[in-house]
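Chemist: This structure is in structure tokens; I'll ask about it shortly.
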Amino acid sequence: MASEARITAVLGPTNTGKTHYAIERMLAHRTGVIGLPLRLLAREVYDRIVALRGPSVVALVTGEERIVPERTQYWVCTVEAMPTGLGADFLAVDEIQLCADPERGHVFTDRLLHARGLHETLFLGAATMRGAIAALVPKARFMWRERFSTLTYTGARKISRMKPRAAIVGFSVDTVYANAELIRRQKGGCAVVMGALSPRTRNAQVELYQNGDVDYLVATDAIGMGLNLDIRHIAFSSLAKFDGRRMRLLAPNELAQIAGRAGRHTQDGTFGVTGEAPQLDPEVADAIMDSRFAPIRKLQWRNSRLDFGTPERLIAALEAPTSDDWLVRAREADDLHALKTLAADPALRDRLGDARDVRLLWDVCRIPDFRGISAAEHTGMLERIFGFLQETGQVPDDWLAGQVRRIDRTEGDIDTLSKRLAYIRTWTYVAQRTGWVADEAHWRGVTRAVEDRLSDALHGALTQRFVDRRTSVLLRRLKQKESLVAEVNDKGEVTVEGEFIGRLEGFRFRQDASSSPDEAKTLRQAALVALGPEFNLRADRLYNAPDTELDYTEQGGLMWGEHSVGKLVAGADPLKPTVAAFVDDEAGPEVAEKVRRRLQHFIDRKIATLFEPLLNLQRDEALTGLARGFGFQMVEALGVLPRESVAQDVKQLDQDARGALRKHGIRFGQYTIFMPLLLKPAPTRLRLVLDSLARGLDEFPESPPPGLVTIPVTEGLPQDYHRLSGYRAAGSRAIRIDMLERLADLLRAEDSRGGFEAKADMLSITGMTLDQFADLMQGLGYKAERGERPKVKAAPEAPADTPAEAEPPAEDAAPTETEAVEAPDEAQEAEQAPVPTDADQPADAPDTGEAAPEIEVFYTFTWAPRRKGGAARPRGDRPQGNKGKPRGKPGGKPKGGPRPDKAKNFEARPPRKEKPIDPDNPFAAALMGLKDKK
């Protein structure tokens, strides 16, 4: 019986044979289960037991792998995947000290409290767990295992002086890659072992090290969990790691877990530090050598008695507190976070009918976030899978096939292949769940095959990057020959003695970074022999190349095809930048000057083409007086001027001056004075580059995507970004200035004093919702009052005479006061429309059961009073007697009423000479017609 089973805690440091002892004890029983902390270690133990008992009786169960023969006797699992209620004679849990781990500790604690073999149970781990096990498992016996070899601290040592059969340990992917790159240059190559690698990739990398192809190993702390390698020295390149929430120093027992991998069986080992890692404190070093560490006082715990009645009850059960002094409730894990997120979705919450649905949702939430993209992305995928399982009982084959097909590609670099391996682990996990897919055997085989292909590709990429077989070949030939043969092919690849050493990118030689310093100097000298003629040939091809082969980037770079050949440099005038060519010194001054001259011709012609209207304005000698000065301001502003910044200058321009400026394409809008031709995407892109150069910005802002009427207003943009991009910021968005002028034409016809509502044409021009339009109007200086009313079905409106794309009828004039008064007020008409009420129904009318009238939201816009420091009401070019002030204030008298202050306002001004009316202005022509009628 389980109550009479023997429970033993086998404790001791690394290299004591604890795992080997557990395997022997399990094979002494008829059936057994062993839980291991890593998928890699589970695969290693599985292979060892298969070698002893054969594959027909040994099962391997991890989150992403499931091999279960019909006559299974022995189960090798990760701790999370250990089957419960199996009733095996023997049970063991390795690395039991992980009960204190913040991420996974609650799983190990649950196994410590509840997992038992019928006849024997073993808990394997560090001596720091003795007190906790004694308190929580009173019947447990203890067995101490001594280390087979001694471990000695040797202090700091440079990687360049590291002896063979050493492992350099880092705690981030970047650190591992940097260490591996350094060893490849100085030692010829190394193997790489990380926890994120698949077992197949890890085994292939270990084989490189074990069979002597390389003498060095670069790894993360994944080697600290039971992987037995022929390592003589462990060197820490860092003593701190990111634990998922913060950077922290490793505890002495954690360092000992890794350092203990040095020395195999009876062979002694050493450990130390390298790189930027500081020396270990003597007390810490002594503790590691003597295996003396502070005992573990708290174990991570999460309630395993779950209530699937409702999501709320399940969450409450998972967050239940503990009263045991040895246990502390674990922090919120990924599965609980996903459950809370999905349960908070009303649509999904309504689909949970009974406890079976809640249990299914919990099972889906326990899919690990292998991809690590974002919590929102992960929960979105979980919601999709849950929907499939609840609706049809299975994940559709065609959908799963599409997900797998996108991952099944073996091209790419190390990071790309590593990401795909992480992605396929998700679908491998799904395929391993019983009943989740239609053909489990098929999908397990498919996902395993994809993982194997990606694993082999990743092993090849790691070997190619970090094992430099070329170094030894080239150095050997350098010793044998005084000169080397160098060549450049049509792709720009430079080879020496047939070995690739770099690439010619444009006019700069990029030497392969894998060369050692001494080797790099010799190889570069040999390469320049072949590069000399190539530089001259390329300079001639560039000089004769058409402008269509050249381009500039939004950061001011100059490109010839795919190669960067120079950059723009600020000149004395923003419209006259200079060029700096990217040419190696070895190419010679003649080549450099030819490249620079060709690039200067390109950018000069580009500016002349895109800014032709502006340059014509700058060169026009016929402009005199105020018109010439205003033209200079337009040139300095690169063709876009906010009207409020030059309001006084605009007032002083007479009609002749304005006509002369309009001939150059200048449009006087209510908000902006601009040249419409310069608002096109190409001039806008170049204008931002030229302005960024003139300002000396380190990073240039990118131009908005073409075709957008509005763009979001974001923080951190350079001053005048929106103006130079052809937009005006108003509220949370910026509107394109030509569309703003079209909107202004519509607003002039409205009663801004009595209030008006947004028309369909206004929303159509801006492409906004009503709420977004209200925000825009407030940004333009209007007050937006929100209201609600019963929705009345409006009669079909006649089609507009002018399409939305048509140009506004005038650019410089506003409607007269008479026209504004006589304009129909659609907002008031809508408010006066009759709304059906109960009183309108006959007394004996039957109850139709119809719902209450639908409520609609509307906004009433009025011009806000001008405040100090705020924007004045925008205006166009009005007749000089009307100062363009708002026609009243919110809450004033209705439109069309008497204005007692009107005479006073006009009498207070000195009489002005009536100016000639611009015949090109249609509003001015309309004004003349009205005067004639009077």
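Ligands are numbered from 1 in the order shown, residues from 1 within each chain, and chains are lettered A, B, ... in the order they appear in the structure tokens.
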Near stretch 413-422 of chain A, counting only C-alpha atoms, which residues have an atom at most 8 Å away, once you skip same-chain residues fewer than 5 positions from it, shown as a list in words?
Modeler: Ala196, Leu197, Ser198, Phe370, Arg371, Ile407, Asp408, Glu451, Leu454, Ser455, Ala457, Leu458, Ala461 and Leu462 of chain A
Chemist: Could you take the residues named above and write them with N, CA and C atoms, as a PDB file, in the first residue's frame?
Modeler:
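Output file result_39.pdb is given in full below:
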ATOM      1  N   ALA A 196      16.866  26.590 -24.621  1.00  0.00           N
ATOM      2  CA  ALA A 196      15.865  26.752 -25.670  1.00  0.00           C
ATOM      3  C   ALA A 196      16.101  25.824 -26.853  1.00  0.00           C
ATOM      4  N   LEU A 197      17.257  25.168 -26.917  1.00  0.00           N
ATOM      5  CA  LEU A 197      17.530  24.262 -28.029  1.00  0.00           C
ATOM      6  C   LEU A 197      16.667  23.012 -27.907  1.00  0.00           C
ATOM      7  N   SER A 198      16.327  22.460 -29.040  1.00  0.00           N
ATOM      8  CA  SER A 198      15.623  21.180 -29.034  1.00  0.00           C
ATOM      9  C   SER A 198      16.611  20.081 -28.628  1.00  0.00           C
ATOM     10  N   PHE A 370       5.492  29.285 -25.459  1.00  0.00           N
ATOM     11  CA  PHE A 370       6.812  29.015 -26.011  1.00  0.00           C
ATOM     12  C   PHE A 370       7.296  30.174 -26.867  1.00  0.00           C
ATOM     13  N   ARG A 371       6.369  30.833 -27.565  1.00  0.00           N
ATOM     14  CA  ARG A 371       6.762  31.861 -28.528  1.00  0.00           C
ATOM     15  C   ARG A 371       7.296  33.119 -27.849  1.00  0.00           C
ATOM     16  N   ILE A 407       5.735  27.539 -40.570  1.00  0.00           N
ATOM     17  CA  ILE A 407       6.942  27.356 -39.762  1.00  0.00           C
ATOM     18  C   ILE A 407       7.934  26.429 -40.446  1.00  0.00           C
ATOM     19  N   ASP A 408       7.453  25.563 -41.309  1.00  0.00           N
ATOM     20  CA  ASP A 408       8.289  24.514 -41.897  1.00  0.00           C
ATOM     21  C   ASP A 408       9.184  25.081 -42.996  1.00  0.00           C
ATOM     22  N   GLU A 451      10.118  19.722 -36.379  1.00  0.00           N
ATOM     23  CA  GLU A 451      11.085  20.068 -35.341  1.00  0.00           C
ATOM     24  C   GLU A 451      12.450  19.483 -35.656  1.00  0.00           C
ATOM     25  N   LEU A 454      14.059  21.605 -38.449  1.00  0.00           N
ATOM     26  CA  LEU A 454      14.524  22.886 -37.914  1.00  0.00           C
ATOM     27  C   LEU A 454      15.718  22.686 -36.985  1.00  0.00           C
ATOM     28  N   SER A 455      15.711  21.600 -36.215  1.00  0.00           N
ATOM     29  CA  SER A 455      16.827  21.316 -35.313  1.00  0.00           C
ATOM     30  C   SER A 455      18.112  21.092 -36.099  1.00  0.00           C
ATOM     31  N   ALA A 457      18.762  22.196 -39.097  1.00  0.00           N
ATOM     32  CA  ALA A 457      19.161  23.469 -39.703  1.00  0.00           C
ATOM     33  C   ALA A 457      19.808  24.386 -38.669  1.00  0.00           C
ATOM     34  N   LEU A 458      19.263  24.407 -37.444  1.00  0.00           N
ATOM     35  CA  LEU A 458      19.844  25.242 -36.390  1.00  0.00           C
ATOM     36  C   LEU A 458      21.228  24.742 -36.007  1.00  0.00           C
ATOM     37  N   ALA A 461      23.517  25.960 -38.637  1.00  0.00           N
ATOM     38  CA  ALA A 461      23.767  27.401 -38.530  1.00  0.00           C
ATOM     39  C   ALA A 461      24.713  27.705 -37.373  1.00  0.00           C
ATOM     40  N   LEU A 462      24.511  27.039 -36.243  1.00  0.00           N
ATOM     41  CA  LEU A 462      25.406  27.243 -35.100  1.00  0.00           C
ATOM     42  C   LEU A 462      26.834  26.811 -35.434  1.00  0.00           C
TER      43      LEU A 462
END
Chemist: I need the residues of stretch 250-300 of chain A that end up classed as strand (DSSP E or B) by DSSP on the backbone, written out as a list in words.
Modeler: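 Assigned to strand (DSSP E or B), within stretch 250-300 of chain A: Gly269, Thr270, Phe271, Gly272, Val273, Leu299 and Gln300 of chain A.
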Chemist: Residues near A:Asp101, anyone? I mean within 10 Å using only C-alpha atoms, not counting same-chain ones fewer than 5 positions away, as a VMD selection string.
Modeler: chain A and resid 106 to 109 243 298 to 300 330
Chemist: Quick one: write out the picked residues with N, CA and C atoms as an mmCIF file, in the first residue's frame?
Modeler:
data_model
loop_
_atom_site.group_PDB
_atom_site.id
_atom_site.type_symbol
_atom_site.label_atom_id
_atom_site.label_comp_id
_atom_site.auth_asym_id
_atom_site.auth_seq_id
_atom_site.Cartn_x
_atom_site.Cartn_y
_atom_site.Cartn_z
ATOM 1 N N HIS A 106 5.940 25.807 -7.758
ATOM 2 C CA HIS A 106 4.684 25.248 -7.238
ATOM 3 C C HIS A 106 4.423 23.850 -7.795
ATOM 4 N N VAL A 107 4.924 23.543 -9.001
ATOM 5 C CA VAL A 107 4.746 22.199 -9.569
ATOM 6 C C VAL A 107 5.582 21.195 -8.786
ATOM 7 N N PHE A 108 6.839 21.526 -8.488
ATOM 8 C CA PHE A 108 7.709 20.628 -7.734
ATOM 9 C C PHE A 108 7.177 20.441 -6.311
ATOM 10 N N THR A 109 6.654 21.528 -5.721
ATOM 11 C CA THR A 109 6.094 21.409 -4.372
ATOM 12 C C THR A 109 4.890 20.472 -4.369
ATOM 13 N N ASP A 243 15.624 37.055 -14.159
ATOM 14 C CA ASP A 243 14.782 35.938 -13.721
ATOM 15 C C ASP A 243 13.346 36.028 -14.226
ATOM 16 N N LYS A 298 11.354 28.616 2.364
ATOM 17 C CA LYS A 298 10.013 28.769 1.807
ATOM 18 C C LYS A 298 9.928 28.035 0.477
ATOM 19 N N LEU A 299 8.839 27.293 0.304
ATOM 20 C CA LEU A 299 8.592 26.595 -0.951
ATOM 21 C C LEU A 299 7.405 27.253 -1.661
ATOM 22 N N GLN A 300 7.523 27.360 -2.978
ATOM 23 C CA GLN A 300 6.432 27.935 -3.767
ATOM 24 C C GLN A 300 5.270 26.936 -3.811
ATOM 25 N N ALA A 330 2.533 30.974 -4.768
ATOM 26 C CA ALA A 330 3.334 31.335 -5.939
ATOM 27 C C ALA A 330 2.752 32.571 -6.604
#
Chemist: Could you check which of A:Phe582, A:Phe466, A:Phe611, A:Tyr74 is closest to A:Glu181, using only C-alpha atoms?
Modeler: A:Phe466
Chemist: Could you give me, as a VMD selection string, the residues within 8 Å of A:Ser149, counting only C-alpha atoms and dropping anything in the same chain fewer than 2 positions from it?
Modeler: chain A and resid 15 147 151 263 to 269
Chemist: Of the residues A:Val792, A:Met82, A:Ile424, A:Val93, which is the one nearest to A:Thr19, using only C-alpha atoms?
Modeler: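 So, comparing all the options, the nearest one is A:Val93.
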Chemist: Run DSSP on the backbone and grab whatever in stretch 78-171 of chain A lands in alpha helix (DSSP H); send it over as a ChimeraX atom specification.
Modeler: /A:105-114,130-136
Chemist: Produce a file of the selected residues containing N, CA and C atoms, as a PDB file, in the first residue's frame.
Modeler:
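Output contents, as saved in part.pdb:
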ATOM      1  N   GLY A 105       8.271  26.509  -9.218  1.00  0.00           N
ATOM      2  CA  GLY A 105       8.369  25.877  -7.913  1.00  0.00           C
ATOM      3  C   GLY A 105       7.100  25.222  -7.431  1.00  0.00           C
ATOM      4  N   HIS A 106       5.940  25.807  -7.758  1.00  0.00           N
ATOM      5  CA  HIS A 106       4.684  25.248  -7.238  1.00  0.00           C
ATOM      6  C   HIS A 106       4.423  23.850  -7.795  1.00  0.00           C
ATOM      7  N   VAL A 107       4.924  23.543  -9.001  1.00  0.00           N
ATOM      8  CA  VAL A 107       4.746  22.199  -9.569  1.00  0.00           C
ATOM      9  C   VAL A 107       5.582  21.195  -8.786  1.00  0.00           C
ATOM     10  N   PHE A 108       6.839  21.526  -8.488  1.00  0.00           N
ATOM     11  CA  PHE A 108       7.709  20.628  -7.734  1.00  0.00           C
ATOM     12  C   PHE A 108       7.177  20.441  -6.311  1.00  0.00           C
ATOM     13  N   THR A 109       6.654  21.528  -5.721  1.00  0.00           N
ATOM     14  CA  THR A 109       6.094  21.409  -4.372  1.00  0.00           C
ATOM     15  C   THR A 109       4.890  20.472  -4.369  1.00  0.00           C
ATOM     16  N   ASP A 110       4.059  20.567  -5.392  1.00  0.00           N
ATOM     17  CA  ASP A 110       2.905  19.665  -5.484  1.00  0.00           C
ATOM     18  C   ASP A 110       3.370  18.213  -5.565  1.00  0.00           C
ATOM     19  N   ARG A 111       4.418  17.926  -6.314  1.00  0.00           N
ATOM     20  CA  ARG A 111       4.929  16.552  -6.400  1.00  0.00           C
ATOM     21  C   ARG A 111       5.513  16.104  -5.063  1.00  0.00           C
ATOM     22  N   LEU A 112       6.172  17.024  -4.372  1.00  0.00           N
ATOM     23  CA  LEU A 112       6.719  16.680  -3.053  1.00  0.00           C
ATOM     24  C   LEU A 112       5.609  16.316  -2.084  1.00  0.00           C
ATOM     25  N   LEU A 113       4.486  17.016  -2.155  1.00  0.00           N
ATOM     26  CA  LEU A 113       3.407  16.784  -1.194  1.00  0.00           C
ATOM     27  C   LEU A 113       2.518  15.604  -1.568  1.00  0.00           C
ATOM     28  N   HIS A 114       2.354  15.338  -2.879  1.00  0.00           N
ATOM     29  CA  HIS A 114       1.318  14.395  -3.275  1.00  0.00           C
ATOM     30  C   HIS A 114       1.791  13.221  -4.120  1.00  0.00           C
ATOM     31  N   ARG A 130      16.691  19.709   3.104  1.00  0.00           N
ATOM     32  CA  ARG A 130      16.500  18.742   4.192  1.00  0.00           C
ATOM     33  C   ARG A 130      15.444  19.199   5.182  1.00  0.00           C
ATOM     34  N   GLY A 131      15.532  20.437   5.673  1.00  0.00           N
ATOM     35  CA  GLY A 131      14.582  20.927   6.666  1.00  0.00           C
ATOM     36  C   GLY A 131      13.159  20.954   6.136  1.00  0.00           C
ATOM     37  N   ALA A 132      12.970  21.421   4.893  1.00  0.00           N
ATOM     38  CA  ALA A 132      11.628  21.504   4.317  1.00  0.00           C
ATOM     39  C   ALA A 132      11.024  20.120   4.138  1.00  0.00           C
ATOM     40  N   ILE A 133      11.817  19.168   3.648  1.00  0.00           N
ATOM     41  CA  ILE A 133      11.292  17.811   3.452  1.00  0.00           C
ATOM     42  C   ILE A 133      10.949  17.182   4.792  1.00  0.00           C
ATOM     43  N   ALA A 134      11.795  17.380   5.786  1.00  0.00           N
ATOM     44  CA  ALA A 134      11.531  16.804   7.098  1.00  0.00           C
ATOM     45  C   ALA A 134      10.229  17.336   7.691  1.00  0.00           C
ATOM     46  N   ALA A 135       9.940  18.615   7.444  1.00  0.00           N
ATOM     47  CA  ALA A 135       8.726  19.218   7.998  1.00  0.00           C
ATOM     48  C   ALA A 135       7.478  18.822   7.221  1.00  0.00           C
ATOM     49  N   LEU A 136       7.574  18.727   5.918  1.00  0.00           N
ATOM     50  CA  LEU A 136       6.399  18.490   5.097  1.00  0.00           C
ATOM     51  C   LEU A 136       6.153  17.012   4.806  1.00  0.00           C
TER      52      LEU A 136
END
Chemist: Counting only C-alpha atoms, which residue out of A:Gly755, A:Asp357, A:Ala530, A:Leu740 sits closest to A:Phe773?
Modeler: A:Leu740
Chemist: Can you tell me how far atom CA of A:Arg538 sits from atom CA of A:Arg510, in Å to one decimal?
Modeler: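 Distance reported for this atom pair: 15.9 Å.
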Chemist: Counting only C-alpha atoms, what is within 9 Å of A:Val650, bar same-chain residues fewer than 5 positions away, as a list in words?
Modeler: Phe630, Arg643, Arg658, Phe668 and Asp877 of chain A
Chemist: If we count only C-alpha atoms, what is near A:Tyr721 at a cut-off of 10 Å, once residues fewer than 5 positions away on the same chain are taken out, given as an MDAnalysis selection string?
Modeler: chainID A and resid 688 691:692 701:703 726:729
Chemist: Do you know which residues are at most 7 Å from A:Thr31 counting only C-alpha atoms, after dropping those on the same chain fewer than 5 positions away, and could you put them as a ChimeraX atom specification?
Modeler: /A:73-74,88-90
